[in-house]
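J.: Pasting input-v4.txt here (compact mmCIF, C-alpha atoms):
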# COMPACT_ATOMS: atom_id res chain seq x y z
CA MET L 1 38.65 -30.72 43.62
CA LYS L 2 41.57 -29.43 45.70
CA ILE L 3 44.47 -28.16 43.65
CA ASP L 4 48.04 -28.15 44.93
CA TRP L 5 49.08 -24.94 43.16
CA LYS L 6 52.76 -25.30 44.01
CA LYS L 7 53.02 -28.73 42.47
CA ILE L 8 50.55 -28.45 39.62
CA GLY L 9 51.92 -29.44 36.21
CA ILE L 10 51.54 -27.34 33.08
CA LYS L 11 49.17 -29.86 31.46
CA GLN L 12 46.93 -29.98 34.51
CA LEU L 13 46.84 -26.21 34.78
CA ALA L 14 46.09 -25.82 31.07
CA ALA L 15 43.21 -28.29 31.41
CA PHE L 16 41.89 -26.65 34.58
CA ILE L 17 41.90 -23.16 33.06
CA SER L 18 40.46 -24.38 29.75
CA VAL L 19 37.54 -26.01 31.55
CA LYS L 20 36.89 -22.92 33.70
CA LEU L 21 36.83 -20.73 30.60
CA ARG L 22 34.55 -23.10 28.69
CA GLU L 23 32.12 -23.16 31.63
CA ARG L 24 31.68 -19.43 30.98
CA GLY L 25 31.30 -19.95 27.25
CA ILE L 26 34.84 -18.77 26.46
CA ASP L 27 36.73 -20.74 23.83
CA ALA L 28 40.50 -20.53 24.04
CA ILE L 29 43.29 -22.39 22.34
CA LEU L 30 46.63 -23.09 23.99
CA VAL L 31 49.61 -22.04 21.87
CA GLY L 32 53.35 -21.43 22.26
CA GLY L 33 55.83 -23.04 24.65
CA ALA L 34 53.18 -24.76 26.78
CA CYS L 35 52.30 -26.96 23.78
CA VAL L 36 55.99 -27.87 23.47
CA SER L 37 56.07 -28.83 27.16
CA ILE L 38 52.99 -31.01 26.76
CA TYR L 39 54.14 -32.69 23.55
CA THR L 40 57.65 -33.37 24.86
CA LYS L 41 56.43 -34.51 28.29
CA ASN L 42 58.33 -31.59 29.88
CA ARG L 43 61.67 -32.23 28.18
CA TYR L 44 61.28 -28.54 27.53
CA LEU L 45 59.62 -26.87 30.50
CA SER L 46 57.70 -23.69 29.90
CA PHE L 47 56.30 -21.60 32.75
CA ASP L 48 54.18 -19.59 30.43
CA LEU L 49 50.68 -20.62 29.33
CA ASP L 50 49.69 -18.65 26.24
CA PHE L 51 46.04 -18.81 25.26
CA VAL L 52 44.41 -17.19 22.26
CA THR L 53 40.77 -16.24 22.61
CA HIS L 54 38.40 -13.90 20.84
CA ALA L 55 36.73 -13.10 24.15
CA THR L 56 37.63 -9.79 25.75
CA LEU L 57 39.97 -9.64 28.73
CA LYS L 58 37.11 -8.03 30.60
CA ASP L 59 35.26 -11.35 30.26
CA VAL L 60 38.31 -13.50 30.94
CA ALA L 61 39.58 -11.69 34.06
CA PRO L 62 36.67 -12.64 36.41
CA VAL L 63 37.02 -16.33 35.46
CA LEU L 64 40.69 -16.29 36.38
CA ALA L 65 40.04 -14.23 39.50
CA GLU L 66 37.69 -16.98 40.71
CA VAL L 67 40.63 -19.40 40.76
CA GLY L 68 43.02 -16.91 42.30
CA PHE L 69 44.83 -15.52 39.27
CA LYS L 70 45.25 -11.76 39.33
CA ARG L 71 45.73 -9.57 36.30
CA GLU L 72 49.31 -8.30 36.49
CA SER L 73 49.79 -6.32 33.31
CA SER L 74 47.46 -5.87 30.42
CA ARG L 75 47.45 -9.52 29.36
CA HIS L 76 49.22 -11.49 32.12
CA PHE L 77 47.70 -13.29 35.07
CA THR L 78 49.60 -14.73 38.02
CA ARG L 79 48.87 -16.50 41.27
CA LEU L 80 51.38 -16.10 44.11
CA ASP L 81 51.70 -19.81 44.94
CA CYS L 82 51.69 -21.04 41.34
CA PRO L 83 54.93 -21.21 39.31
CA PHE L 84 53.14 -20.67 35.99
CA PHE L 85 51.77 -17.49 34.56
CA ILE L 86 48.96 -17.19 32.08
CA GLU L 87 48.87 -14.85 29.14
CA PHE L 88 46.11 -14.12 26.68
CA VAL L 89 47.76 -13.40 23.36
CA ALA L 90 45.97 -11.11 20.93
CA PRO L 91 43.89 -12.99 18.38
CA PRO L 92 43.75 -14.35 15.72
CA ALA L 93 45.35 -17.73 16.29
CA ALA L 94 47.76 -17.93 13.40
CA ILE L 95 50.95 -19.60 12.35
CA GLY L 96 52.86 -16.98 10.44
CA ARG L 97 50.58 -15.57 7.77
CA GLU L 98 48.13 -18.46 7.85
CA PRO L 99 45.14 -18.98 10.14
CA LEU L 100 44.97 -22.26 12.05
CA LYS L 101 43.28 -24.94 9.99
CA SER L 102 42.83 -27.45 12.78
CA GLU L 103 43.29 -27.92 16.48
CA ASN L 104 44.04 -30.80 18.80
CA LYS L 105 41.86 -31.94 21.68
CA LEU L 106 43.74 -33.50 24.54
CA LYS L 107 41.78 -35.26 27.25
CA THR L 108 43.19 -35.16 30.77
CA LYS L 109 41.86 -36.07 34.21
CA LEU L 110 41.02 -32.40 34.77
CA GLY L 111 39.30 -31.91 31.43
CA THR L 112 40.00 -31.33 27.77
CA ILE L 113 42.63 -28.92 26.45
CA ILE L 114 42.24 -27.40 23.01
CA LEU L 115 45.74 -26.81 21.69
CA LEU L 116 47.89 -26.58 18.56
CA THR L 117 48.39 -29.84 16.70
CA PRO L 118 51.94 -31.22 16.96
CA THR L 119 52.59 -30.12 13.36
CA ASP L 120 51.39 -26.57 14.09
CA SER L 121 53.41 -26.52 17.30
CA VAL L 122 56.52 -27.28 15.23
CA LYS L 123 55.57 -24.51 12.78
CA ASP L 124 54.90 -22.11 15.66
CA ARG L 125 58.39 -22.69 17.08
CA LEU L 126 59.99 -22.58 13.64
CA ALA L 127 58.36 -19.18 13.04
CA ALA L 128 60.41 -17.80 15.95
CA PHE L 129 63.54 -19.41 14.50
CA TYR L 130 62.81 -18.14 10.99
CA HIS L 131 62.06 -14.55 11.97
CA TRP L 132 64.35 -14.01 14.97
CA ASN L 133 67.04 -16.66 14.53
CA ASP L 134 66.12 -17.97 17.96
CA PRO L 135 68.17 -21.16 18.53
CA GLN L 136 65.99 -22.22 21.49
CA ALA L 137 62.93 -22.18 19.26
CA LEU L 138 64.71 -24.40 16.72
CA GLU L 139 65.60 -26.79 19.53
CA GLN L 140 61.99 -26.86 20.71
CA ALA L 141 60.67 -27.48 17.19
CA THR L 142 63.09 -30.39 16.87
CA MET L 143 62.03 -31.80 20.26
CA VAL L 144 58.34 -31.80 19.28
CA ALA L 145 59.12 -33.37 15.90
CA GLU L 146 61.13 -36.10 17.65
CA ALA L 147 58.45 -36.81 20.24
CA GLN L 148 55.33 -36.62 18.06
CA GLU L 149 54.15 -37.68 14.65
CA ILE L 150 54.22 -34.60 12.47
CA ASP L 151 53.45 -33.85 8.83
CA LEU L 152 56.83 -32.78 7.47
CA ARG L 153 55.40 -32.12 4.00
CA GLU L 154 53.05 -29.57 5.51
CA VAL L 155 55.90 -27.97 7.49
CA LYS L 156 57.92 -27.75 4.27
CA ARG L 157 55.02 -26.19 2.33
CA TRP L 158 54.40 -23.62 5.04
CA SER L 159 58.10 -22.82 5.41
CA LYS L 160 58.36 -22.10 1.68
CA LYS L 161 55.31 -19.86 1.86
CA GLU L 162 56.86 -17.96 4.76
CA GLY L 163 59.96 -17.48 2.61
CA HIS L 164 62.24 -19.68 4.69
CA ALA L 165 62.87 -22.83 2.65
CA GLU L 166 66.60 -22.66 3.46
CA LYS L 167 66.05 -22.53 7.19
CA TYR L 168 63.62 -25.43 6.89
CA GLN L 169 66.53 -27.49 5.54
CA GLU L 170 68.51 -26.52 8.63
CA PHE L 171 65.68 -27.82 10.79
CA LEU L 172 65.44 -31.02 8.76
CA ILE L 173 69.17 -31.75 9.01
CA ARG L 174 69.01 -31.19 12.76
CA LEU L 175 65.99 -33.48 13.08
CA ARG L 176 67.61 -36.27 11.05
CA ARG L 177 70.72 -36.09 13.22
CA LYS L 178 68.58 -36.48 16.35
CA ARG L 179 66.54 -39.34 14.96
CA MET H 1 46.24 10.53 6.81
CA LEU H 2 45.60 7.22 8.55
CA GLU H 3 44.74 8.90 11.82
CA GLY H 4 41.03 8.27 11.37
CA LEU H 5 41.65 4.59 10.81
CA PHE H 6 44.15 4.03 13.62
CA GLY H 7 42.47 6.28 16.15
CA ASN H 8 45.37 8.67 16.72
CA ILE H 9 48.24 10.40 14.94
CA ILE H 10 50.96 8.79 17.08
CA ILE H 11 50.20 5.34 15.71
CA GLU H 12 50.54 6.65 12.16
CA LYS H 13 53.90 8.22 12.99
CA ILE H 14 55.15 5.04 14.68
CA PHE H 15 54.20 3.00 11.62
CA PHE H 16 55.95 5.39 9.23
CA MET H 17 59.04 5.33 11.45
CA LEU H 18 59.14 1.52 11.54
CA TYR H 19 58.47 1.37 7.80
CA VAL H 20 61.35 3.75 6.98
CA TYR H 21 63.97 2.76 9.56
CA GLY H 22 62.93 -0.80 10.39
CA GLU H 23 63.03 -0.10 14.14
CA GLY H 24 62.61 2.63 16.72
CA TYR H 25 62.81 3.38 20.44
CA PRO H 26 60.49 5.53 22.56
CA LEU H 27 62.87 8.40 23.35
CA GLY H 28 64.05 8.63 19.74
CA LEU H 29 60.47 8.71 18.48
CA ALA H 30 59.51 11.28 21.11
CA LYS H 31 62.42 13.57 20.18
CA THR H 32 61.78 13.23 16.47
CA PHE H 33 58.11 14.08 16.71
CA GLY H 34 58.29 16.44 19.69
CA GLU H 35 55.80 14.34 21.62
CA PRO H 36 55.94 13.34 25.30
CA VAL H 37 57.79 10.05 25.67
CA ASN H 38 55.04 8.51 27.83
CA ARG H 39 52.52 9.11 25.06
CA ILE H 40 54.76 7.24 22.63
CA GLN H 41 55.35 4.42 25.14
CA GLN H 42 51.63 4.09 25.75
CA GLN H 43 50.92 3.63 22.04
CA LEU H 44 53.84 1.25 21.56
CA ARG H 45 52.52 -0.87 24.43
CA ARG H 46 49.09 -0.85 22.83
CA LEU H 47 50.58 -2.07 19.54
CA GLU H 48 52.67 -4.67 21.35
CA ASN H 49 49.63 -6.01 23.21
CA ALA H 50 47.88 -6.38 19.89
CA GLY H 51 50.83 -8.35 18.48
CA ILE H 52 51.56 -5.75 15.79
CA VAL H 53 55.00 -4.79 17.07
CA VAL H 54 57.54 -6.62 19.20
CA SER H 55 60.33 -5.27 21.38
CA ARG H 56 63.70 -6.35 22.70
CA LEU H 57 66.06 -4.78 25.22
CA VAL H 58 69.42 -3.62 23.88
CA GLY H 59 71.34 -2.45 26.94
CA ARG H 60 68.80 -0.23 28.64
CA VAL H 61 66.91 0.73 25.53
CA ARG H 62 63.77 -1.05 24.38
CA ILE H 63 63.84 -1.34 20.59
CA TYR H 64 60.59 -1.88 18.70
CA THR H 65 60.08 -3.46 15.28
CA PHE H 66 57.08 -4.71 13.34
CA ASN H 67 56.20 -8.23 14.49
CA PRO H 68 57.16 -10.49 11.58
CA ARG H 69 54.65 -13.05 12.93
CA TYR H 70 51.68 -10.68 12.84
CA PRO H 71 49.32 -12.42 10.37
CA PHE H 72 48.24 -9.18 8.67
CA LEU H 73 51.70 -7.62 8.48
CA GLN H 74 51.97 -7.83 4.70
CA GLU H 75 48.66 -6.03 4.27
CA LEU H 76 49.45 -3.46 6.98
CA LYS H 77 52.83 -2.70 5.41
CA ALA H 78 51.19 -2.32 2.00
CA LEU H 79 48.83 0.28 3.48
CA VAL H 80 51.62 2.11 5.31
CA THR H 81 53.81 2.04 2.19
CA LYS H 82 51.06 3.57 0.10
CA ALA H 83 50.21 6.20 2.71
CA TYR H 84 53.90 7.14 2.99
CA LYS H 85 53.96 7.98 -0.71
CA PHE H 86 51.25 10.57 -0.06
CA LEU H 87 53.22 12.32 2.69
CA PRO H 88 54.39 15.84 1.80
CA GLU H 89 58.11 16.04 0.97
CA LYS H 90 58.58 18.55 3.78
CA GLU H 91 57.33 16.03 6.32
CA LYS H 92 59.45 13.21 4.88
CA GLU H 93 62.49 15.47 5.05
CA ALA H 94 61.78 16.50 8.64
CA TYR H 95 61.09 13.10 10.14
CA TYR H 96 62.02 10.21 7.91
CA ARG H 97 65.38 11.00 6.30
CA LYS H 98 67.71 10.86 9.23
CA ARG H 99 71.24 9.55 8.93
CA THR H 100 71.26 5.80 9.59
CA ARG H 101 74.78 4.87 8.45
CA PRO H 102 77.31 4.26 11.24
CA ARG H 103 79.46 6.97 12.77
CA ARG H 104 82.80 5.92 14.25
CA THR H 105 83.18 6.61 17.99
CA GLY H 106 84.99 9.87 18.65
CA LYS H 107 84.64 11.19 15.10
CA PRO H 108 83.87 14.91 15.12
CA LEU H 109 80.64 15.95 13.40
What's the structure tokens form of this structure?

T.:
Amino acid sequence: MKIDWKKIGIKQLAAFISVKLRERGIDAILVGGACVSIYTKNRYLSFDLDFVTHATLKDVAPVLAEVGFKRESSRHFTRLDCPFFIEFVAPPAAIGREPLKSENKLKTKLGTIILLTPTDSVKDRLAAFYHWNDPQALEQATMVAEAQEIDLREVKRWSKKEGHAEKYQEFLIRLRRKR
Amino acid sequence: MLEGLFGNIIIEKIFFMLYVYGEGYPLGLAKTFGEPVNRIQQQLRRLENAGIVVSRLVGRVRIYTFNPRYPFLQELKALVTKAYKFLPEKEKEAYYRKRTRPRRTGKPL
């Protein structure tokens, strides 16, 4: 299949890379802003594909090299004609202090992407808001919660456990205003 | 003390520094410990790649803190806290009891 690297979308690229990695026996889960882009249909556009894998970068690098992505720094890969860059975040895949309990499988024309569930994507963004007061992360969490069905009880439970019940209320008020 | 576990003494010193002061920057750490700044930067990058610390630019200085999203942070801090208690007073005095309160611009020492 011929890929137009300049025009490729984040979902297509995530699927393409996921498939290439799986062909080599490497499991990776997509996390971070790319999940927000996918779940909001690019209302928020990330140019950063963050994968978590337990494979070593030594194993990952040749797979990406095959499709033209060069290792830039220790964990980043870029391709000159592609607007997105790919990063392999250090494992484990976690949301705050908790390991991931489930994952989502999204089928696309280019293959299946393993990624955070919408609920975990909200928690992932809220973690940045809780710990760094990042307003963009709060906005992204709200966008995903608006666009997808999420388990608010679970988000509330996790927020309390992270010690941020008050900031969860802030998120909730913002979400209700938007809905 | 934790050198054997972490692989080198610099990591231990970085952890104690972040535990005591909450944050640190390469040149400050290098001056405090009398180590080459590139050695400190190398270890900070290693910790950042592992998701244990995070950094942000303040002006031209890169400030490092523990990553609050690191899933084992609580356990790591518990270990560092306990190890710190075992540090000799002399070492605590030399490295970890620096003035942190503000000093007004222009005020003579």

J.: Quick one: residues within 12 Å of Leu126 (chain L), all atoms listed in the file counted, chain neighbours fewer than 4 positions away excluded, as a short mmCIF file (atom, residue, chain, number, x, y, z; two decimals) with C-alpha atoms, in the coordinates of the input?

T.:
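For reference, part_8.cif as written:
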data_model
loop_
_atom_site.label_atom_id
_atom_site.label_comp_id
_atom_site.auth_asym_id
_atom_site.auth_seq_id
_atom_site.Cartn_x
_atom_site.Cartn_y
_atom_site.Cartn_z
CA GLY L 32 53.35 -21.43 22.26
CA GLY L 33 55.83 -23.04 24.65
CA VAL L 36 55.99 -27.87 23.47
CA ILE L 95 50.95 -19.60 12.35
CA GLY L 96 52.86 -16.98 10.44
CA THR L 119 52.59 -30.12 13.36
CA ASP L 120 51.39 -26.57 14.09
CA SER L 121 53.41 -26.52 17.30
CA VAL L 122 56.52 -27.28 15.23
CA TYR L 130 62.81 -18.14 10.99
CA HIS L 131 62.06 -14.55 11.97
CA TRP L 132 64.35 -14.01 14.97
CA ASN L 133 67.04 -16.66 14.53
CA ASP L 134 66.12 -17.97 17.96
CA PRO L 135 68.17 -21.16 18.53
CA GLN L 136 65.99 -22.22 21.49
CA ALA L 137 62.93 -22.18 19.26
CA LEU L 138 64.71 -24.40 16.72
CA GLU L 139 65.60 -26.79 19.53
CA GLN L 140 61.99 -26.86 20.71
CA ALA L 141 60.67 -27.48 17.19
CA THR L 142 63.09 -30.39 16.87
CA MET L 143 62.03 -31.80 20.26
CA VAL L 144 58.34 -31.80 19.28
CA ALA L 145 59.12 -33.37 15.90
CA VAL L 155 55.90 -27.97 7.49
CA LYS L 156 57.92 -27.75 4.27
CA TRP L 158 54.40 -23.62 5.04
CA SER L 159 58.10 -22.82 5.41
CA GLU L 162 56.86 -17.96 4.76
CA HIS L 164 62.24 -19.68 4.69
CA ALA L 165 62.87 -22.83 2.65
CA LYS L 167 66.05 -22.53 7.19
CA TYR L 168 63.62 -25.43 6.89
CA GLN L 169 66.53 -27.49 5.54
CA GLU L 170 68.51 -26.52 8.63
CA PHE L 171 65.68 -27.82 10.79
CA LEU L 172 65.44 -31.02 8.76
CA ARG H 69 54.65 -13.05 12.93
#

J.: Go through L:Arg43, L:Lys123, L:Arg24, L:Lys70 and flag the residue nearest chain H, using only C-alpha atoms for the distances.

T.: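 The shortest atom-to-atom distance to chain H comes from L:Lys123.
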
J.: As an exercise, work out the distance from CA of Ser37 (chain L) to CA of Phe51 (chain L) in Å and give it to one decimal place.

T.: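 So the two atoms, CA of Ser37 (chain L) and CA of Phe51 (chain L), lie 14.3 Å apart.
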
J.: Would you mind telling me which residue in L:Ile113, L:Leu100, L:Ala94, L:Leu175 lies nearest to Phe72 (chain H) when using all atoms listed in the file?

T.: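 Comparing L:Ile113, L:Leu100, L:Ala94, L:Leu175 against Phe72 (chain H), the winner is L:Ala94.
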
J.: Find the residues of chain L in contact range of chain H, meaning any atom within 9 Å when counting only C-alpha atoms, and list them as a list in words.

T.: Ser74, Arg75, Val89, Ala90, Pro91, Pro92, Ala93, Ala94, Ile95, Gly96, Arg97, Glu98, Pro99, Ala127, Ala128, His131 and Trp132 of chain L

J.: Can you pull out every residue within 10 Å of Phe47 (chain L), counting all atoms listed in the file, but drop anything in the same chain fewer than 5 positions away, and send it as a PyMOL selection string?

T.: chain L and resi 9-10+33-34+37+82-86

J.: Give me the residues within 8 Å of Gly111 (chain L) as a list in words, counting only C-alpha atoms and dropping any in the same chain fewer than 6 places off.

T.: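 My list of contacting residues is Ala15, Phe16, Ser18 and Val19 of chain L.
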
J.: Between CA of Arg157 (chain L) and CA of Asp48 (chain L), measure the distance and give it in Å to one decimal.

T.: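 A separation of 28.9 Å between them.
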
J.: If we count only C-alpha atoms, what is near region 11-26 of chain H at a cut-off of 8 Å, once residues fewer than 5 positions away on the same chain are taken out, given as a PDB file with C-alpha atoms, in the frame of the given file?

T.:
ATOM      1  CA  MET H   1      46.240  10.530   6.810  1.00  0.00           C
ATOM      2  CA  LEU H   2      45.600   7.220   8.550  1.00  0.00           C
ATOM      3  CA  GLU H   3      44.740   8.900  11.820  1.00  0.00           C
ATOM      4  CA  PHE H   6      44.150   4.030  13.620  1.00  0.00           C
ATOM      5  CA  VAL H  37      57.790  10.050  25.670  1.00  0.00           C
ATOM      6  CA  ILE H  40      54.760   7.240  22.630  1.00  0.00           C
ATOM      7  CA  GLN H  41      55.350   4.420  25.140  1.00  0.00           C
ATOM      8  CA  GLN H  43      50.920   3.630  22.040  1.00  0.00           C
ATOM      9  CA  LEU H  44      53.840   1.250  21.560  1.00  0.00           C
ATOM     10  CA  VAL H  61      66.910   0.730  25.530  1.00  0.00           C
ATOM     11  CA  ARG H  62      63.770  -1.050  24.380  1.00  0.00           C
ATOM     12  CA  ILE H  63      63.840  -1.340  20.590  1.00  0.00           C
ATOM     13  CA  TYR H  64      60.590  -1.880  18.700  1.00  0.00           C
ATOM     14  CA  THR H  65      60.080  -3.460  15.280  1.00  0.00           C
ATOM     15  CA  PHE H  66      57.080  -4.710  13.340  1.00  0.00           C
ATOM     16  CA  LYS H  77      52.830  -2.700   5.410  1.00  0.00           C
ATOM     17  CA  VAL H  80      51.620   2.110   5.310  1.00  0.00           C
ATOM     18  CA  THR H  81      53.810   2.040   2.190  1.00  0.00           C
ATOM     19  CA  TYR H  84      53.900   7.140   2.990  1.00  0.00           C
ATOM     20  CA  TYR H  96      62.020  10.210   7.910  1.00  0.00           C
ATOM     21  CA  THR H 100      71.260   5.800   9.590  1.00  0.00           C
TER      22      THR H 100
END

J.: Give the answer as one residue: which of L:Asp124, L:Val67, L:Lys161, L:Lys178 has the shortest atom-to-atom distance to Met1 (chain L), using all atoms listed in the file?

T.: L:Val67

J.: Give me, please, the distance in Å between CA of Asp27 (chain L) and CA of Glu66 (chain L), quoted to one decimal.

T.: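 Distance between the two atoms: 17.3 Å.
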
J.: Give me the residues near Tyr95 (chain H) as a PDB file with C-alpha atoms, in the coordinates of the input, where near means some atom within 8 Å (using all atoms listed in the file) and where sequence neighbours in that chain fewer than 3 positions away do not count.

T.:
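result.pdb, written as the output of this step:
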ATOM      1  CA  THR H  32      61.780  13.230  16.470  1.00  0.00           C
ATOM      2  CA  PHE H  33      58.110  14.080  16.710  1.00  0.00           C
ATOM      3  CA  GLU H  91      57.330  16.030   6.320  1.00  0.00           C
ATOM      4  CA  LYS H  92      59.450  13.210   4.880  1.00  0.00           C
ATOM      5  CA  LYS H  98      67.710  10.860   9.230  1.00  0.00           C
TER       6      LYS H  98
END

J.: Pick the closest to Asp59 (chain L) from L:Val31, L:Ile38, L:Ala147, L:Ile26: which is it, counting only C-alpha atoms?

T.: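 Looking at the shortest contact to Asp59 (chain L), the residue is L:Ile26.
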
J.: Of the candidates L:Glu166, L:Ala55, L:Asn42, L:Phe69, which shows the shortest atom-to-atom distance to Phe129 (chain L), using all atoms listed in the file?

T.: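 Once distances to Phe129 (chain L) are computed over all atoms listed in the file, the minimum belongs to L:Glu166.
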
J.: Since the input lacks some atoms of region 66-82 of chain H, please model N, CA and C atoms and print them as a short mmCIF file (atom, residue, chain, number, x, y, z; two decimals), in the coordinates of the input.

T.:
data_model
loop_
_atom_site.label_atom_id
_atom_site.label_comp_id
_atom_site.auth_asym_id
_atom_site.auth_seq_id
_atom_site.Cartn_x
_atom_site.Cartn_y
_atom_site.Cartn_z
N PHE H 66 58.32 -4.02 13.70
CA PHE H 66 57.08 -4.71 13.34
C PHE H 66 57.25 -6.17 13.74
N ASN H 67 56.16 -6.81 14.14
CA ASN H 67 56.20 -8.23 14.49
C ASN H 67 56.11 -9.06 13.21
N PRO H 68 57.20 -9.73 12.84
CA PRO H 68 57.16 -10.49 11.58
C PRO H 68 56.13 -11.62 11.61
N ARG H 69 55.63 -11.96 12.82
CA ARG H 69 54.65 -13.05 12.93
C ARG H 69 53.21 -12.54 12.97
N TYR H 70 53.05 -11.23 12.86
CA TYR H 70 51.68 -10.68 12.84
C TYR H 70 51.01 -11.11 11.52
N PRO H 71 49.88 -11.83 11.59
CA PRO H 71 49.32 -12.42 10.37
C PRO H 71 48.91 -11.42 9.29
N PHE H 72 48.66 -10.16 9.69
CA PHE H 72 48.24 -9.18 8.67
C PHE H 72 49.35 -8.19 8.34
N LEU H 73 50.59 -8.57 8.65
CA LEU H 73 51.70 -7.62 8.48
C LEU H 73 51.88 -7.19 7.03
N GLN H 74 51.80 -8.15 6.13
CA GLN H 74 51.97 -7.83 4.70
C GLN H 74 50.97 -6.76 4.27
N GLU H 75 49.73 -6.95 4.67
CA GLU H 75 48.66 -6.03 4.27
C GLU H 75 48.84 -4.67 4.97
N LEU H 76 49.23 -4.72 6.24
CA LEU H 76 49.45 -3.46 6.98
C LEU H 76 50.59 -2.67 6.34
N LYS H 77 51.68 -3.38 6.01
CA LYS H 77 52.83 -2.70 5.41
C LYS H 77 52.46 -2.11 4.06
N ALA H 78 51.62 -2.83 3.32
CA ALA H 78 51.19 -2.32 2.00
C ALA H 78 50.44 -1.00 2.19
N LEU H 79 49.61 -0.94 3.20
CA LEU H 79 48.83 0.28 3.48
C LEU H 79 49.76 1.42 3.91
N VAL H 80 50.69 1.10 4.82
CA VAL H 80 51.62 2.11 5.31
C VAL H 80 52.52 2.61 4.17
N THR H 81 52.96 1.68 3.33
CA THR H 81 53.81 2.04 2.19
C THR H 81 53.08 3.01 1.27
N LYS H 82 51.83 2.70 0.99
CA LYS H 82 51.06 3.57 0.10
C LYS H 82 50.83 4.94 0.74
#
